[in-house]
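*Asks:* Before I ask anything, here is the structure I am working with.
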Amino acid sequence: MAEETMELFRKGMPIFNIFQDENRQKIILLLCKNKELTVNQITDQLDLSRPAVSHHLKLMLNAGVIAVIKLGKERFYRVSLDDTVQLLKDLTVSLEKSISSK
């Protein structure tokens with residue numbers, strides 16, 4: 001049981017690291033509020049430079065919490081949290097089992 005929980009923690013670390021940053025939290029909320037946004041649209045709504053927003057988006061994309069669609073020269077970013085939510089649910093269940101078995 002403890003091994004399963006630790007493995008889920010290890011799998012979740014990139015996600016936890018992504019969500020610990022306030023700017024990335026703001027970006028996620030913007031993407032939740034709007035179906036899709038470009039880097040410029042996100043930059044216009046935050047007090048961040050375009051390179052900073054691009055950097056955050058790259059990290060979020062690598063962690064799997066957002067997805068990107070390229071249409072022409074534009075890249076549209078959207079939330080992609082299904083796998084993240086499932087991992088958090090699995091971790092919660094595993095922790096609950098660990099607590100109840102004591």
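The way I read the labels, and the way they are meant: chains A, B, ... in the order of the structure tokens, residue 1 as the first residue of every chain, and ligand 1 as the first ligand shown, with later ones counted on from there.
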Can you pull out every residue within 12 Å of range 24-37 of chain A, counting only C-alpha atoms, but drop anything in the same chain fewer than 5 positions away, and send it as an mmCIF file with C-alpha atoms, in the first residue's frame?

*Replies:*
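So out.cif came out as:
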```cif
data_model
loop_
_atom_site.group_PDB
_atom_site.id
_atom_site.type_symbol
_atom_site.label_atom_id
_atom_site.label_comp_id
_atom_site.auth_asym_id
_atom_site.auth_seq_id
_atom_site.Cartn_x
_atom_site.Cartn_y
_atom_site.Cartn_z
ATOM 1 C CA ILE A 15 1.872 18.516 -11.293
ATOM 2 C CA PHE A 16 2.404 19.729 -7.728
ATOM 3 C CA ASN A 17 5.397 21.752 -8.921
ATOM 4 C CA ILE A 18 3.318 23.331 -11.674
ATOM 5 C CA PHE A 19 0.504 24.350 -9.358
ATOM 6 C CA ILE A 42 -2.932 35.364 -21.966
ATOM 7 C CA THR A 43 -0.207 38.023 -21.846
ATOM 8 C CA ASP A 44 -2.797 40.777 -22.332
ATOM 9 C CA GLN A 45 -4.662 39.600 -19.210
ATOM 10 C CA LEU A 46 -1.665 39.110 -16.910
ATOM 11 C CA ASP A 47 1.134 41.310 -15.667
ATOM 12 C CA LEU A 48 3.762 39.082 -17.310
ATOM 13 C CA ALA A 52 7.459 34.575 -19.239
ATOM 14 C CA VAL A 53 4.002 33.381 -20.300
ATOM 15 C CA SER A 54 5.556 31.180 -22.992
ATOM 16 C CA HIS A 55 7.893 29.673 -20.398
ATOM 17 C CA HIS A 56 5.020 28.897 -18.022
ATOM 18 C CA LEU A 57 2.979 27.385 -20.865
ATOM 19 C CA LYS A 58 5.881 25.141 -21.874
ATOM 20 C CA LEU A 59 6.234 23.833 -18.308
ATOM 21 C CA MET A 60 2.487 23.287 -18.050
ATOM 22 C CA LEU A 61 2.415 21.513 -21.404
ATOM 23 C CA ALA A 63 3.423 18.377 -17.120
ATOM 24 C CA VAL A 65 -2.062 20.039 -17.495
ATOM 25 C CA ILE A 66 -2.677 21.926 -20.746
ATOM 26 C CA ALA A 67 -2.871 21.006 -24.408
ATOM 27 C CA VAL A 68 -2.073 23.023 -27.518
ATOM 28 C CA ILE A 69 -3.688 23.150 -30.931
ATOM 29 C CA LYS A 70 -1.894 24.811 -33.813
ATOM 30 C CA LEU A 71 -4.096 26.581 -36.353
ATOM 31 C CA GLU A 74 -1.357 30.539 -33.974
ATOM 32 C CA ARG A 75 -1.117 28.125 -31.090
ATOM 33 C CA PHE A 76 -4.214 27.859 -28.907
ATOM 34 C CA TYR A 77 -3.819 26.572 -25.362
ATOM 35 C CA ARG A 78 -6.546 24.838 -23.386
ATOM 36 C CA VAL A 79 -6.869 23.050 -20.074
ATOM 37 C CA SER A 80 -6.292 19.305 -20.170
ATOM 38 C CA LEU A 81 -6.801 18.093 -16.616
#
```

*Asks:* Identify, on the basis of only C-alpha atoms, every residue whose closest approach to Thr92 in chain A does not exceed 9 Å; exclude the query and any residue fewer than 5 positions from it along the same chain; express the result as a short mmCIF file (atom, residue, chain, number, x, y, z; two decimals) with C-alpha atoms, in the first residue's frame.

*Replies:*
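Heads up, here's the output in result_15.cif:
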```cif
data_model
loop_
_atom_site.label_atom_id
_atom_site.label_comp_id
_atom_site.auth_asym_id
_atom_site.auth_seq_id
_atom_site.Cartn_x
_atom_site.Cartn_y
_atom_site.Cartn_z
CA THR A 5 1.01 5.72 -2.53
CA LEU A 87 -4.12 10.94 -10.52
CA LYS A 97 -6.78 3.33 2.51
#
```

*Asks:* Looking only at the backbone, which of the residues in range 19-98 of chain A does DSSP tag as helix (DSSP H, G or I), as JSON, numbers by chain?

*Replies:* {"A": [19, 22, 23, 24, 25, 26, 27, 28, 29, 30, 31, 32, 33, 39, 40, 41, 42, 43, 44, 45, 50, 51, 52, 53, 54, 55, 56, 57, 58, 59, 60, 61, 62, 63, 82, 83, 84, 85, 86, 87, 88, 89, 90, 91, 92, 93, 94, 95, 96, 97, 98]}
